[in-house]
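Visitor: Here it is, the structure, as structure tokens.
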Amino acid sequence: MKTFLLAAVLSIISCYQLFAQEETLIGNGEVTHGGFGGPVVKYTQIKGEPALLVGGRGGWIINHSFIIGGGGYGLVNDIRPNIIIPGNREYPFINFGYGGVELEYIIQSDRLLHFSIYTLIGGGTVSYRGEFWEDDGDDWDSPSDAFFVFEPSANVELNIISFFRINAGVSYRFISGVDFDDLKNNDLAGPSAILTLKFGKF
């Protein structure tokens, strides 16, 4: 847990220093503002199984280079844990989602192809879902567990038109605080390939 907290603090400090440097460079000029939003798809693994996370992110763009925003993502395909609920004959499925604050720094955003780095700091929940073969057909009332997430990423971005950009990259999802039946931190942590469609004023 100390490692995750240290990494999160260092990430915030780094982003603040980048922003502070930008303020110094443009101290005598005009600060520009913009914003964006768009859908996100992440391909990753949950409990060793292929997983697809779908969500969205958006934010406030300062001086074409620094973004303060947020995002949220959830598991959309079916993954079963290694448990059977007593009195039932069917495995449940995993529910998994997370979100948080995102800080992004864009390098030379006016170039056709450029790079960016961003970090998500937030939390999420994991639970089970599924309808089981009971006589009454009721859904099982699943317990859940909350966790902390820290996810840095590196990306390449392509300017398509003035208000549309395609962003692709890789990230690593650090998870802390999961102790939920047979699910542990390592079952939910791992690398992701990311595709983002950005729409806005850049």
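Identifiers in the structure tokens: chain A, B, ... in order shown; residue index from 1 per chain; ligand index from 1 in order shown.
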Could I get the residues of segment 159-199 of chain A with an atom no further than 6 Å from an atom of segment 44-55 of chain A, each paired with its nearest atom pair and that distance in Å to one decimal, using only C-alpha atoms, sorted by chain and residue number, as a Markdown table?

Guide:
```
| residue | atom | partner | partner_atom | distance |
| --- | --- | --- | --- | --- |
| A:Asp187 | CA | A:Lys47 | CA | 4.2 |
| A:Leu188 | CA | A:Ile46 | CA | 5.2 |
| A:Ser192 | CA | A:Thr44 | CA | 4.5 |
```

Visitor: Take the residues from that selection and put them in a file with C-alpha atoms, as a PDB file, in the first residue's frame.

Guide:
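Writing done, so here's part-v1.pdb:
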```pdb
ATOM      1  CA  ASP A 187      -6.243 -10.618 -10.228  1.00  0.00           C
ATOM      2  CA  LEU A 188      -7.463  -7.116 -11.115  1.00  0.00           C
ATOM      3  CA  SER A 192      -3.904  -2.425 -20.790  1.00  0.00           C
TER       4      SER A 192
END
```

Visitor: Which polymer residues have any atom within 7 Å of an atom of segment 193-196 of chain A, counting only C-alpha atoms, with same-chain residues fewer than 4 positions away left out, as a VMD selection string?

Guide: chain A and resid 38 to 44 166 to 171

Visitor: Please produce a file of those selected residues containing C-alpha atoms, as a compact mmCIF listing (two decimals), in the first residue's frame.

Guide:
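Done, and the output landed in part_20.txt:
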```txt
# COMPACT_ATOMS: atom_id res chain seq x y z
CA GLY A 38 -14.88 10.93 -25.71
CA PRO A 39 -15.26 7.15 -25.47
CA VAL A 40 -12.48 4.84 -24.34
CA VAL A 41 -11.87 1.12 -24.91
CA LYS A 42 -9.27 -0.82 -22.93
CA TYR A 43 -8.11 -4.36 -23.64
CA THR A 44 -6.64 -6.04 -20.58
CA ILE A 166 -7.31 9.52 -32.01
CA ASN A 167 -5.24 8.50 -29.01
CA ALA A 168 -3.68 5.05 -28.52
CA GLY A 169 -1.42 3.87 -25.75
CA VAL A 170 -0.55 1.48 -22.96
CA SER A 171 -1.11 1.69 -19.23
```

Visitor: Record the distance separating atom CA of Asn82 of chain A and atom CA of Ala189 of chain A, expressed in Å with one decimal.

Guide: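 So the two atoms, atom CA of Asn82 of chain A and atom CA of Ala189 of chain A, lie 17.4 Å apart.
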
Visitor: List the spatial neighbours of Ser116 of chain A as a ChimeraX atom specification - criterion: any atom at most 8 Å away, only C-alpha atoms, same-chain residues fewer than 6 positions off excluded.

Guide: /A:104-107,154-157

Visitor: Mind writing the picked residues with C-alpha atoms as a compact mmCIF listing (two decimals), in the first residue's frame?

Guide:
```txt
# COMPACT_ATOMS: atom_id res chain seq x y z
CA GLU A 104 -2.45 14.55 -18.58
CA TYR A 105 0.52 16.31 -20.16
CA ILE A 106 0.60 16.64 -23.97
CA ILE A 107 3.90 17.15 -25.77
CA ALA A 154 1.95 6.61 -22.20
CA ASN A 155 0.19 7.46 -25.46
CA VAL A 156 0.61 8.55 -29.05
CA GLU A 157 -1.99 10.90 -30.51
```

Visitor: Taking into account only C-alpha atoms, which residue in the set A:Phe202, A:Phe164, A:Tyr128, A:Phe150 is nearest to Gly190 of chain A?

Guide: A:Phe150

Visitor: What is the distance between atom CA of Tyr98 of chain A and atom CA of Tyr73 of chain A, in Å to one decimal?

Guide: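 For atom CA of Tyr98 of chain A relative to atom CA of Tyr73 of chain A, the distance reads 5.6 Å.
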
Visitor: Which residue out of A:Gly34, A:Gly100, A:Pro81, A:Pro143 has the minimum interatomic distance to Gly56 of chain A when only C-alpha atoms are used?

Guide: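 Between A:Gly34, A:Gly100, A:Pro81, A:Pro143, the residue approaching Gly56 of chain A most closely is A:Gly100.
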